[in-house]
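Participant: This is the content of work-v2.txt (compact mmCIF, C-alpha atoms and all ligand atoms):
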# COMPACT_ATOMS: atom_id res chain seq x y z
CA MET Z 1 -30.15 -15.25 6.20
CA ALA Z 2 -30.81 -18.97 6.49
CA ASP Z 3 -32.85 -20.47 3.66
CA ALA Z 4 -36.14 -22.26 4.36
CA GLU Z 5 -34.53 -25.69 4.49
CA ASN Z 6 -31.90 -24.55 6.98
CA GLN Z 7 -33.98 -22.20 9.05
CA ASP Z 8 -32.42 -23.26 12.30
CA LEU Z 9 -28.85 -22.61 11.17
CA ILE Z 10 -26.97 -19.84 12.97
CA LEU Z 11 -24.77 -17.94 10.52
CA PHE Z 12 -21.41 -16.78 11.84
CA THR Z 13 -20.45 -15.86 8.30
CA ARG Z 14 -21.26 -12.31 7.27
CA GLY Z 15 -20.50 -8.97 8.82
CA ASN Z 16 -23.94 -7.52 8.15
CA PRO Z 17 -25.63 -4.77 10.12
CA ALA Z 18 -28.56 -5.91 12.27
CA GLU Z 19 -31.86 -5.56 10.43
CA GLU Z 20 -33.10 -2.92 12.90
CA ALA Z 21 -29.83 -0.99 12.51
CA ILE Z 22 -30.94 0.45 9.18
CA PRO Z 23 -33.02 3.61 9.78
CA LEU Z 24 -35.50 2.87 7.02
CA ALA Z 25 -38.20 5.45 7.81
CA ASP Z 26 -35.65 8.30 7.88
CA ILE Z 27 -34.02 7.04 4.68
CA VAL Z 28 -37.39 7.05 2.89
CA ASP Z 29 -38.15 10.54 4.18
CA CYS Z 30 -34.73 11.86 3.13
CA ALA Z 31 -35.12 10.24 -0.29
CA ARG Z 32 -38.48 11.89 -0.90
CA ASP Z 33 -37.18 15.33 0.06
CA ILE Z 34 -33.88 15.24 -1.78
CA PHE Z 35 -35.32 13.65 -4.92
CA GLN Z 36 -37.94 16.42 -5.09
CA ARG Z 37 -35.39 19.17 -4.46
CA GLU Z 38 -32.37 17.85 -6.36
CA GLY Z 39 -33.84 15.23 -8.70
CA LYS Z 40 -32.60 16.98 -11.83
CA VAL Z 41 -29.02 16.75 -10.56
CA LEU Z 42 -29.20 13.31 -8.95
CA PHE Z 43 -30.63 11.51 -11.98
CA GLN Z 44 -28.32 13.17 -14.53
CA TYR Z 45 -24.61 12.52 -15.20
CA GLY Z 46 -22.51 14.17 -12.50
CA HIS Z 47 -18.99 14.96 -11.33
CA TYR Z 48 -16.48 12.09 -11.44
CA SER Z 49 -15.59 12.41 -7.74
CA GLY Z 50 -19.16 12.05 -6.55
CA TYR Z 51 -22.06 14.20 -5.32
CA ARG Z 52 -20.56 17.54 -4.34
CA PRO Z 53 -22.68 18.37 -1.26
CA LEU Z 54 -21.80 14.99 0.25
CA ARG Z 55 -18.11 15.52 -0.52
CA GLU Z 56 -18.30 18.93 1.16
CA TRP Z 57 -20.03 17.45 4.18
CA ILE Z 58 -17.40 14.71 4.53
CA ALA Z 59 -14.58 17.25 4.05
CA GLY Z 60 -16.05 19.37 6.87
CA ARG Z 61 -16.40 16.41 9.21
CA PHE Z 62 -12.78 15.34 8.74
CA GLY Z 63 -11.19 18.77 8.33
CA VAL Z 64 -9.81 18.16 4.81
CA LYS Z 65 -10.31 19.95 1.50
CA MET Z 66 -13.18 18.80 -0.69
CA GLU Z 67 -10.60 17.94 -3.39
CA GLN Z 68 -9.22 15.27 -1.06
CA VAL Z 69 -12.56 13.46 -0.87
CA LEU Z 70 -13.49 10.78 -3.39
CA ILE Z 71 -16.81 8.95 -3.16
CA GLY Z 72 -17.14 5.40 -4.47
CA ASN Z 73 -19.84 2.79 -4.92
CA GLY Z 74 -19.00 1.22 -1.56
CA SER Z 75 -15.41 1.14 -0.35
CA MET Z 76 -14.71 -2.37 -1.66
CA GLU Z 77 -13.89 -1.14 -5.14
CA PHE Z 78 -11.18 1.17 -3.78
CA PHE Z 79 -8.94 -1.86 -3.40
CA THR Z 80 -8.70 -2.10 -7.17
CA PHE Z 81 -8.22 1.67 -7.45
CA VAL Z 82 -5.34 1.62 -4.97
CA GLY Z 83 -3.86 -1.53 -6.46
CA SER Z 84 -4.03 -0.32 -10.04
CA LEU Z 85 -2.56 3.09 -9.20
CA PHE Z 86 0.28 2.02 -6.94
CA VAL Z 87 1.11 -1.67 -7.38
CA LYS Z 88 2.52 -3.33 -10.47
CA TRP Z 89 2.27 -7.03 -11.15
CA GLY Z 90 4.66 -8.91 -8.81
CA GLU Z 91 5.23 -6.00 -6.43
CA THR Z 92 4.75 -6.42 -2.71
CA VAL Z 93 1.82 -5.37 -0.56
CA TYR Z 94 1.71 -5.89 3.21
CA VAL Z 95 -1.44 -6.75 5.11
CA GLU Z 96 -2.03 -7.61 8.73
CA SER Z 97 -2.24 -11.35 9.25
CA PRO Z 98 -5.13 -12.06 9.57
CA SER Z 99 -6.79 -9.39 7.43
CA TYR Z 100 -10.04 -8.72 5.56
CA ASP Z 101 -10.38 -11.68 3.19
CA ARG Z 102 -11.78 -9.66 0.28
CA ALA Z 103 -8.86 -7.22 0.46
CA ILE Z 104 -6.39 -10.09 0.26
CA THR Z 105 -8.25 -11.51 -2.75
CA ALA Z 106 -8.37 -8.10 -4.47
CA MET Z 107 -4.63 -7.56 -4.01
CA LYS Z 108 -3.79 -11.04 -5.25
CA ARG Z 109 -6.08 -10.51 -8.23
CA ILE Z 110 -4.08 -7.48 -9.37
CA GLY Z 111 -0.93 -9.62 -9.21
CA ALA Z 112 0.53 -8.30 -5.95
CA LYS Z 113 2.73 -10.45 -3.76
CA VAL Z 114 0.81 -10.27 -0.49
CA ALA Z 115 2.88 -10.57 2.69
CA GLY Z 116 1.16 -10.94 6.05
CA ILE Z 117 2.57 -9.23 9.15
CA PRO Z 118 1.45 -11.11 12.28
CA LEU Z 119 -1.21 -9.31 14.26
CA GLU Z 120 -1.05 -9.18 18.07
CA LYS Z 121 -3.69 -7.93 20.48
CA ASP Z 122 -2.55 -4.28 20.06
CA GLY Z 123 -1.66 -4.24 16.36
CA VAL Z 124 1.00 -5.84 14.15
CA ASN Z 125 4.20 -7.25 15.63
CA ILE Z 126 6.61 -4.36 15.03
CA GLU Z 127 9.73 -6.53 15.13
CA ALA Z 128 8.29 -8.82 12.44
CA LEU Z 129 7.35 -5.74 10.40
CA LYS Z 130 10.90 -4.35 10.62
CA LYS Z 131 12.37 -7.71 9.66
CA GLU Z 132 10.12 -7.95 6.61
CA LEU Z 133 10.90 -4.34 5.64
CA LYS Z 134 14.62 -5.12 5.57
CA LYS Z 135 13.96 -8.06 3.23
CA SER Z 136 11.40 -6.58 0.85
CA PRO Z 137 9.67 -3.23 1.51
CA PRO Z 138 6.14 -2.93 0.10
CA LYS Z 139 4.46 -0.36 -2.14
CA ILE Z 140 1.54 -0.22 0.26
CA PHE Z 141 0.67 -1.46 3.74
CA TYR Z 142 -3.06 -2.13 4.17
CA ILE Z 143 -4.21 -1.88 7.80
CA ILE Z 144 -7.54 -1.89 9.62
CA PRO Z 145 -6.55 -0.19 12.89
CA ASP Z 146 -10.02 0.09 14.46
CA PHE Z 147 -11.90 -3.05 15.58
CA GLN Z 148 -10.30 -5.02 12.81
CA ASN Z 149 -12.15 -7.36 10.49
CA PRO Z 150 -11.73 -10.27 11.23
CA SER Z 151 -9.95 -10.20 14.62
CA GLY Z 152 -11.57 -7.30 16.53
CA VAL Z 153 -8.09 -5.89 17.35
CA THR Z 154 -7.51 -2.13 17.73
CA THR Z 155 -3.99 -0.92 17.01
CA SER Z 156 -2.44 1.03 19.90
CA LEU Z 157 -1.34 4.64 19.49
CA GLU Z 158 2.32 3.63 19.91
CA LYS Z 159 2.08 1.10 17.10
CA ARG Z 160 0.18 3.55 14.85
CA LYS Z 161 2.99 6.05 15.35
CA GLU Z 162 5.66 3.44 14.65
CA ILE Z 163 3.94 2.25 11.46
CA ALA Z 164 3.68 5.89 10.35
CA ARG Z 165 7.37 6.46 11.09
CA LEU Z 166 8.38 3.33 9.19
CA SER Z 167 6.31 4.40 6.18
CA GLU Z 168 8.45 7.55 5.99
CA GLU Z 169 11.68 5.62 6.45
CA TYR Z 170 10.87 2.99 3.81
CA GLY Z 171 8.69 5.08 1.50
CA PHE Z 172 5.52 3.00 1.44
CA LEU Z 173 1.94 4.29 1.38
CA ILE Z 174 -0.44 3.35 4.19
CA ILE Z 175 -4.00 2.37 3.30
CA GLU Z 176 -6.01 2.83 6.47
CA ASP Z 177 -9.40 1.12 6.21
CA SER Z 178 -11.70 2.20 9.05
CA PRO Z 179 -15.36 1.38 8.38
CA TYR Z 180 -15.93 0.36 12.03
CA ARG Z 181 -14.16 3.32 13.63
CA TYR Z 182 -17.36 5.06 14.81
CA LEU Z 183 -18.76 1.95 16.47
CA ARG Z 184 -16.75 2.18 19.68
CA TYR Z 185 -18.59 0.66 22.66
CA ARG Z 186 -15.82 0.94 25.26
CA GLY Z 187 -12.51 2.62 25.91
CA LYS Z 188 -11.04 5.80 24.48
CA GLU Z 189 -10.76 6.81 20.83
CA VAL Z 190 -7.27 6.50 19.35
CA PRO Z 191 -6.16 9.02 16.67
CA SER Z 192 -6.38 7.60 13.16
CA VAL Z 193 -3.09 6.97 11.34
CA ARG Z 194 -4.18 9.66 8.85
CA GLU Z 195 -4.33 12.15 11.70
CA ILE Z 196 -0.80 11.14 12.71
CA LEU Z 197 0.68 11.35 9.20
CA PRO Z 198 -1.76 12.87 6.68
CA ALA Z 199 0.81 13.05 3.88
CA ARG Z 200 1.33 9.29 3.58
CA VAL Z 201 -2.07 7.82 4.46
CA VAL Z 202 -5.05 7.13 2.24
CA HIS Z 203 -7.97 6.80 4.66
CA MET Z 204 -10.80 4.54 3.51
CA SER Z 205 -14.26 4.53 5.06
CA SER Z 206 -17.88 3.82 4.32
CA PHE Z 207 -21.51 4.49 5.17
CA SER Z 208 -22.20 0.74 5.08
CA LYS Z 209 -21.88 0.14 8.82
CA ILE Z 210 -23.31 3.42 10.09
CA LEU Z 211 -26.22 3.97 7.69
CA SER Z 212 -26.86 1.28 5.04
CA PRO Z 213 -24.65 -1.09 3.02
CA GLY Z 214 -27.22 -1.35 0.22
CA MET Z 215 -26.73 2.33 -0.59
CA ARG Z 216 -23.12 1.44 -1.55
CA ILE Z 217 -21.37 4.60 -0.45
CA GLY Z 218 -17.70 4.48 0.46
CA PHE Z 219 -15.24 7.33 0.53
CA LEU Z 220 -11.53 8.06 0.52
CA LEU Z 221 -9.60 10.88 2.18
CA ILE Z 222 -6.53 11.26 -0.01
CA PRO Z 223 -3.28 13.20 0.55
CA GLU Z 224 -3.49 16.37 -1.53
CA ASP Z 225 -0.68 15.50 -3.96
CA LEU Z 226 -2.17 12.07 -4.76
CA ALA Z 227 -5.79 13.16 -5.10
CA PRO Z 228 -5.77 14.07 -8.84
CA ARG Z 229 -4.62 10.55 -9.78
CA PHE Z 230 -7.53 9.00 -7.90
CA HIS Z 231 -10.08 11.38 -9.39
CA LYS Z 232 -8.86 10.66 -12.91
CA TRP Z 233 -8.98 6.92 -12.23
CA SER Z 234 -12.55 7.27 -10.98
CA GLU Z 235 -13.63 9.14 -14.12
CA ASP Z 236 -12.00 6.62 -16.45
CA THR Z 237 -13.50 3.68 -14.52
CA TYR Z 238 -17.19 4.50 -14.17
CA ILE Z 239 -17.66 8.18 -15.13
CA HIS Z 240 -18.87 8.81 -11.58
CA PRO Z 241 -20.32 6.89 -8.63
CA ALA Z 242 -24.11 6.59 -8.30
CA LEU Z 243 -25.75 9.86 -7.27
CA PRO Z 244 -29.26 9.07 -5.93
CA THR Z 245 -28.05 7.21 -2.82
CA ALA Z 246 -25.31 9.80 -2.27
CA GLY Z 247 -28.11 12.40 -2.30
CA ILE Z 248 -30.01 10.46 0.37
CA ALA Z 249 -26.90 10.07 2.51
CA TYR Z 250 -26.20 13.80 2.20
CA GLU Z 251 -29.74 14.69 3.27
CA TYR Z 252 -29.44 12.29 6.21
CA CYS Z 253 -26.16 13.81 7.37
CA HIS Z 254 -27.25 17.39 6.67
CA ARG Z 255 -30.31 16.92 8.89
CA GLY Z 256 -27.99 15.92 11.74
CA LEU Z 257 -29.25 12.34 11.91
CA LEU Z 258 -25.94 10.49 11.57
CA ASN Z 259 -24.49 11.00 15.06
CA PRO Z 260 -27.72 10.06 16.86
CA ASN Z 261 -27.92 6.99 14.62
CA ILE Z 262 -24.38 5.98 15.58
CA GLU Z 263 -25.35 6.24 19.28
CA ARG Z 264 -28.43 4.09 18.58
CA LEU Z 265 -26.25 1.49 16.82
CA LYS Z 266 -23.93 1.30 19.81
CA SER Z 267 -26.89 0.46 22.04
CA ILE Z 268 -27.84 -2.36 19.64
CA TYR Z 269 -24.35 -3.84 19.29
CA LEU Z 270 -22.83 -3.57 22.78
CA PRO Z 271 -25.23 -6.14 24.34
CA ARG Z 272 -24.48 -8.48 21.41
CA MET Z 273 -20.74 -8.18 21.89
CA ASP Z 274 -21.09 -8.78 25.63
CA ALA Z 275 -23.37 -11.78 25.04
CA MET Z 276 -20.72 -13.30 22.81
CA LEU Z 277 -17.88 -12.67 25.25
CA ARG Z 278 -19.93 -14.21 28.05
CA ALA Z 279 -20.84 -17.23 25.95
CA LEU Z 280 -17.22 -17.76 24.94
CA ARG Z 281 -16.05 -17.63 28.56
CA GLU Z 282 -18.74 -20.09 29.62
CA ASN Z 283 -18.41 -22.57 26.75
CA LEU Z 284 -15.11 -22.47 24.89
CA VAL Z 285 -12.59 -23.64 27.45
CA GLY Z 286 -8.99 -23.58 26.20
CA ALA Z 287 -9.60 -21.23 23.27
CA GLU Z 288 -8.10 -17.70 23.04
CA TRP Z 289 -9.86 -14.55 21.91
CA ILE Z 290 -9.41 -10.82 21.96
CA GLU Z 291 -11.94 -8.62 23.76
CA PRO Z 292 -12.73 -5.89 21.22
CA GLU Z 293 -13.85 -2.39 22.20
CA GLY Z 294 -16.18 -1.97 19.23
CA GLY Z 295 -17.02 -3.04 15.69
CA TYR Z 296 -18.70 -6.24 14.52
CA PHE Z 297 -16.24 -9.05 15.23
CA ILE Z 298 -14.69 -11.26 17.85
CA SER Z 299 -12.32 -13.95 16.68
CA THR Z 300 -11.04 -17.01 18.40
CA LYS Z 301 -8.15 -19.34 17.93
CA LEU Z 302 -8.83 -22.92 18.86
CA PRO Z 303 -6.10 -24.90 20.64
CA GLU Z 304 -3.72 -26.84 18.38
CA SER Z 305 -5.11 -30.10 19.75
CA ILE Z 306 -8.34 -29.44 17.85
CA ASN Z 307 -8.79 -30.03 14.15
CA GLY Z 308 -10.23 -26.68 13.01
CA ARG Z 309 -10.45 -27.79 9.38
CA GLU Z 310 -12.89 -30.55 10.25
CA ILE Z 311 -15.03 -28.16 12.26
CA TRP Z 312 -15.26 -25.73 9.38
CA LYS Z 313 -16.13 -28.49 6.88
CA ASN Z 314 -18.81 -30.06 9.06
CA CYS Z 315 -20.17 -27.15 11.09
CA ARG Z 316 -23.64 -27.35 9.46
CA LYS Z 317 -24.10 -30.69 11.18
CA PHE Z 318 -23.98 -28.76 14.45
CA GLY Z 319 -26.36 -26.03 13.24
CA ILE Z 320 -23.83 -23.26 12.57
CA VAL Z 321 -22.07 -21.86 9.51
CA LEU Z 322 -18.51 -20.50 9.75
CA THR Z 323 -16.28 -18.66 7.29
CA ASP Z 324 -13.14 -20.55 6.30
CA GLY Z 325 -10.43 -19.10 8.58
CA LYS Z 326 -7.75 -19.68 5.93
CA GLY Z 327 -9.22 -16.91 3.75
CA PHE Z 328 -8.08 -14.30 6.29
CA PHE Z 329 -4.42 -15.27 6.00
CA PRO Z 330 -2.47 -14.47 2.83
CA ASP Z 331 -0.27 -17.56 3.23
CA GLY Z 332 -2.98 -20.15 3.88
CA GLN Z 333 -2.54 -20.39 7.67
CA GLY Z 334 -5.64 -20.02 9.83
CA GLU Z 335 -6.95 -23.59 10.09
CA ASN Z 336 -7.93 -22.97 13.71
CA PHE Z 337 -8.94 -19.33 13.30
CA ILE Z 338 -12.65 -18.59 13.63
CA ARG Z 339 -14.24 -15.19 12.97
CA LEU Z 340 -17.41 -14.63 14.95
CA PRO Z 341 -19.47 -11.64 13.80
CA PHE Z 342 -21.99 -10.64 16.45
CA SER Z 343 -23.66 -7.72 14.64
CA ALA Z 344 -26.54 -9.48 12.89
CA LEU Z 345 -27.45 -12.03 15.57
CA THR Z 346 -29.59 -11.48 18.66
CA PRO Z 347 -28.01 -12.16 22.07
CA GLY Z 348 -30.08 -15.37 22.25
CA GLU Z 349 -28.83 -16.57 18.87
CA ILE Z 350 -25.27 -15.71 19.86
CA GLU Z 351 -25.50 -17.74 23.08
CA GLU Z 352 -27.01 -20.72 21.27
CA GLY Z 353 -24.49 -20.43 18.42
CA ILE Z 354 -21.51 -20.46 20.76
CA ARG Z 355 -22.96 -23.46 22.62
CA ARG Z 356 -23.18 -25.27 19.25
CA LEU Z 357 -19.63 -24.26 18.38
CA ALA Z 358 -18.45 -25.69 21.70
CA LYS Z 359 -20.20 -28.99 20.88
CA ALA Z 360 -18.52 -29.07 17.47
CA VAL Z 361 -15.15 -28.43 19.09
CA ASP Z 362 -15.65 -31.27 21.55
CA ASP Z 363 -16.53 -33.57 18.68
CA TYR Z 364 -13.41 -32.77 16.65
CA ARG Z 365 -10.64 -33.03 19.14
CA LYS Z 366 -7.68 -34.45 17.24
C1 LIG Z 401 -12.55 -3.87 6.62
C2 LIG Z 401 -13.56 -3.69 5.55
N1 LIG Z 401 -13.26 -2.94 4.49
C3 LIG Z 401 -14.14 -2.73 3.48
C4 LIG Z 401 -15.38 -3.33 3.51
C5 LIG Z 401 -16.31 -3.09 2.35
O1 LIG Z 401 -17.31 -2.21 2.72
P1 LIG Z 401 -18.27 -1.48 1.68
O2 LIG Z 401 -19.64 -1.94 2.00
O3 LIG Z 401 -18.08 -0.01 1.92
O4 LIG Z 401 -17.85 -1.86 0.28
C6 LIG Z 401 -15.75 -4.15 4.58
C7 LIG Z 401 -17.06 -4.80 4.60
O5 LIG Z 401 -17.40 -5.60 5.41
C8 LIG Z 401 -14.82 -4.33 5.63
O6 LIG Z 401 -15.09 -5.10 6.70
Would it be possible to restate this file's structure as structure tokens?

Facilitator:
Amino acid sequence: MADAENQDLILFTRGNPAEEAIPLADIVDCARDIFQREGKVLFQYGHYSGYRPLREWIAGRFGVKMEQVLIGNGSMEFFTFVGSLFVKWGETVYVESPSYDRAITAMKRIGAKVAGIPLEKDGVNIEALKKELKKSPPKIFYIIPDFQNPSGVTTSLEKRKEIARLSEEYGFLIIEDSPYRYLRYRGKEVPSVREILPARVVHMSSFSKILSPGMRIGFLLIPEDLAPRFHKWSEDTYIHPALPTAGIAYEYCHRGLLNPNIERLKSIYLPRMDAMLRALRENLVGAEWIEPEGGYFISTKLPESINGREIWKNCRKFGIVLTDGKGFFPDGQGENFIRLPFSALTPGEIEEGIRRLAKAVDDYRK
């Protein structure tokens, strides 16, 4: 949130849930009940793969064995798990270009050579992927097929199938990160890549966007043969993930509150997404953007005639804050790329923010 001095700033920086998206009263109620019932378990050391009832619940929801479910303290830390288990220093990892900035940083931090495969409006460019595969196949390909962070793109079924096929041909593992998958506001659900090829896909997800990020609960669905390596890594890293918030999440899900909450979230976010699309159409002439069907993000690419770097550096002058677009590209492109999260802003703030962005753009024409 803006600090006191900058109260009027509109922050297009973080992909946070809206304040009213977090079902606080139900969380408090679930906490009281589960702490009373299960306190002796939840405040003691536990199993290295996480709170068993929650693992069982997740396994049931996704139709996998409980042994394939690993809970983590948020999903962010799984990047280091995956990297440490499958990628040696100097080996290659593919990401979509653009991709989630923190994932790129995490992969670089473990010493991976990160190659970006250009993203189009229906997923990565398959020809570019094939070309890169012939040159230097990766150990893993990290993709965000549903309402991608940062672009908003959803990968088509055809491209999901082709990526799955290529992973078999070239022997790489797919890391499918889908924290926004349940926040679909329009269109038809597309099967996850894990559903297409369960043997080669580690599916990553999280309660951060559908319940609460502060609870820090992420989870992995792991192919059966790889699961023991992950569980051992978890044990050797932190003994086990935190139990009290996993207990609350379990109680919440067990009471049947999650699906109604997801429907409630859709009714909060759809008007925000539409407000942003409308504001872009009305104000940002000459820019390109993708119309997402869900999630938290729209992204735009400013025309080449505009100096995006200057806008990013000076955007506070215009009353907005933007994330540096270059962070989303492993090779430092992205000067004119702007990620616009709509989740935490009201429709009014979105409209005003896009008007300010348009003013900044006009000011920094090259
Ligand atoms: C694509 C993606 N993956 C992972 C994360 C991390 O989520 P978590 O809160 O579960 O650590 C985020 C958070 O914004 C995200 O956008």

Participant: Write out as a list in words each polymer residue whose atoms come within 10 Å of Gly218 of chain Z, counting only C-alpha atoms; drop sequence neighbours fewer than 6 positions from it.

Facilitator: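 What passes the distance filter is Leu70, Ile71, Gly72, Asn73, Gly74, Ser75, Met76, Glu77, Phe78, Pro179, Met204, Ser205, Ser206, Phe207, Ser208, Pro241 and Ala246 of chain Z.
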
Participant: Expressed in Å to a single decimal, how great is the separation between atom CA of Asn149 of chain Z and atom CA of Lys131 of chain Z?

Facilitator: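 Atom-to-atom, atom CA of Asn149 of chain Z and atom CA of Lys131 of chain Z are spaced 24.5 Å apart.
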
Participant: Check the smallest atom-to-atom distance from each of Z:Asn16, Z:Thr154, Z:Gln68, Z:Thr346 to ligand LIG 401 (chain Z) using only C-alpha atoms and all ligand atoms, then report the winner.

Facilitator: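 Going through Z:Asn16, Z:Thr154, Z:Gln68, Z:Thr346 one by one, the smallest distance to ligand LIG 401 (chain Z) is for Z:Asn16.
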
Participant: Please measure the separation of atom CA of Arg14 of chain Z and atom CA of Pro341 of chain Z, giving the value in Å to one decimal.

Facilitator: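 Separation between atom CA of Arg14 of chain Z and atom CA of Pro341 of chain Z: 6.8 Å.
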
Participant: Select all residues near (-15.7, -4.1, 21.0) (cut-off 10 Å, inclusive, file coordinates), counting all atoms listed in the file, and output them as a list in words.

Facilitator: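 Checking each residue against the 10 Å limit leaves Asp146, Phe147, Gln148, Gly152, Val153, Thr154, Leu183, Arg184, Tyr185, Arg186, Gly187, Lys266, Tyr269, Leu270, Arg272, Met273, Asp274, Leu277, Ile290, Glu291, Pro292, Glu293, Gly294, Gly295, Tyr296, Phe297 and Ile298 of chain Z.
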
Participant: Using only C-alpha atoms, which residue out of Z:Thr300, Z:Ser136, Z:Ser84, Z:Asn261 lies closest to Leu280 of chain Z?

Facilitator: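 Of all the options, Z:Thr300 lies closest to Leu280 of chain Z.
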
Participant: Between Z:Arg200, Z:His231, Z:Lys139, Z:Arg109, which has the minimum distance to Val69 of chain Z (counting all atoms listed in the file)?

Facilitator: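 Between Z:Arg200, Z:His231, Z:Lys139, Z:Arg109, the residue approaching Val69 of chain Z most closely is Z:His231.
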
Participant: So, counting all atoms listed in the file, which residue among Z:Ile350, Z:Ile27, Z:Val201, Z:Ile239 is closest to Met215 of chain Z?

Facilitator: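 Among the listed residues, the smallest separation from Met215 of chain Z belongs to Z:Ile27.
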
Participant: What's the 9 Å shell around Leu54 of chain Z, counting only C-alpha atoms, without same-chain residues fewer than 4 positions away, as number ranges by chain?

Facilitator: Z: 50, 58-59, 71, 246-247, 249-251, 253-254

Participant: Mind pulling up the distance from atom CA of Arg160 of chain Z to atom CA of Lys188 of chain Z?

Facilitator: 15.0 Å

Participant: Using all atoms listed in the file, find the one residue out of Z:Ser97, Z:Asn314, Z:Thr92, Z:Thr13 that sits nearest to Asp331 of chain Z.

Facilitator: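 Closest to Asp331 of chain Z of all the choices is Z:Ser97.
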
Participant: Nearest to Glu335 of chain Z among Z:Ile354, Z:Glu349, Z:Pro303, Z:Ala25, with distances taken over only C-alpha atoms: which residue is it?

Facilitator: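 Among the listed residues, the smallest separation from Glu335 of chain Z belongs to Z:Pro303.
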
Participant: Arg229 of chain Z: which residues within 12 Å, counting only C-alpha atoms, same-chain residues fewer than 3 positions away excluded, as an MDAnalysis selection string?

Facilitator: chainID Z and resid 49 67:68 70 81:82 84:86 222:226 232:236

Participant: Would you give the centre and edge lengths, in Å to one decimal, of a box along x, y and z around the listed atoms of ligand LIG 401 (chain Z), with 8 Å added to each side, as lines of an AutoDock Vina configuration file?

Facilitator:
center_x = -16.1
center_y = -2.8
center_z = 3.5
size_x = 23.1
size_y = 21.6
size_z = 22.4

Participant: Would you pick out the contacts of segment 168-175 of chain Z at 8 Å or less, using all atoms listed in the file, so that residues sharing its chain but fewer than 4 positions from it are not included, and give the list as a ChimeraX atom specification?

Facilitator: /Z:133,137-143,164,200-204

Participant: Need a file for segment 31-63 of chain Z from that block: C-alpha atoms, written as a compact mmCIF listing (two decimals), in the first residue's frame.

Facilitator:
# COMPACT_ATOMS: atom_id res chain seq x y z
CA ALA Z 31 -8.66 -21.46 13.45
CA ARG Z 32 -10.56 -21.56 16.74
CA ASP Z 33 -12.17 -24.91 15.93
CA ILE Z 34 -9.14 -26.69 14.55
CA PHE Z 35 -6.76 -25.37 17.21
CA GLN Z 36 -9.11 -26.67 19.91
CA ARG Z 37 -9.56 -30.05 18.21
CA GLU Z 38 -6.08 -30.64 16.80
CA GLY Z 39 -3.87 -28.24 18.76
CA LYS Z 40 -1.67 -31.00 20.14
CA VAL Z 41 -0.79 -32.09 16.60
CA LEU Z 42 -0.59 -28.66 14.98
CA PHE Z 43 1.79 -27.14 17.52
CA GLN Z 44 4.12 -30.16 17.71
CA TYR Z 45 6.71 -31.38 15.17
CA GLY Z 46 4.96 -33.13 12.29
CA HIS Z 47 5.43 -35.11 9.08
CA TYR Z 48 8.00 -33.73 6.61
CA SER Z 49 5.49 -33.58 3.73
CA GLY Z 50 3.01 -31.43 5.62
CA TYR Z 51 -0.26 -31.75 7.55
CA ARG Z 52 -1.74 -35.11 6.56
CA PRO Z 53 -5.47 -34.21 6.45
CA LEU Z 54 -4.70 -31.31 4.10
CA ARG Z 55 -2.56 -33.57 1.90
CA GLU Z 56 -5.41 -36.08 1.77
CA TRP Z 57 -7.90 -33.35 0.89
CA ILE Z 58 -5.68 -32.05 -1.92
CA ALA Z 59 -5.07 -35.60 -3.20
CA GLY Z 60 -8.84 -36.17 -3.33
CA ARG Z 61 -9.49 -32.91 -5.17
CA PHE Z 62 -6.90 -33.68 -7.86
CA GLY Z 63 -7.33 -37.46 -8.04
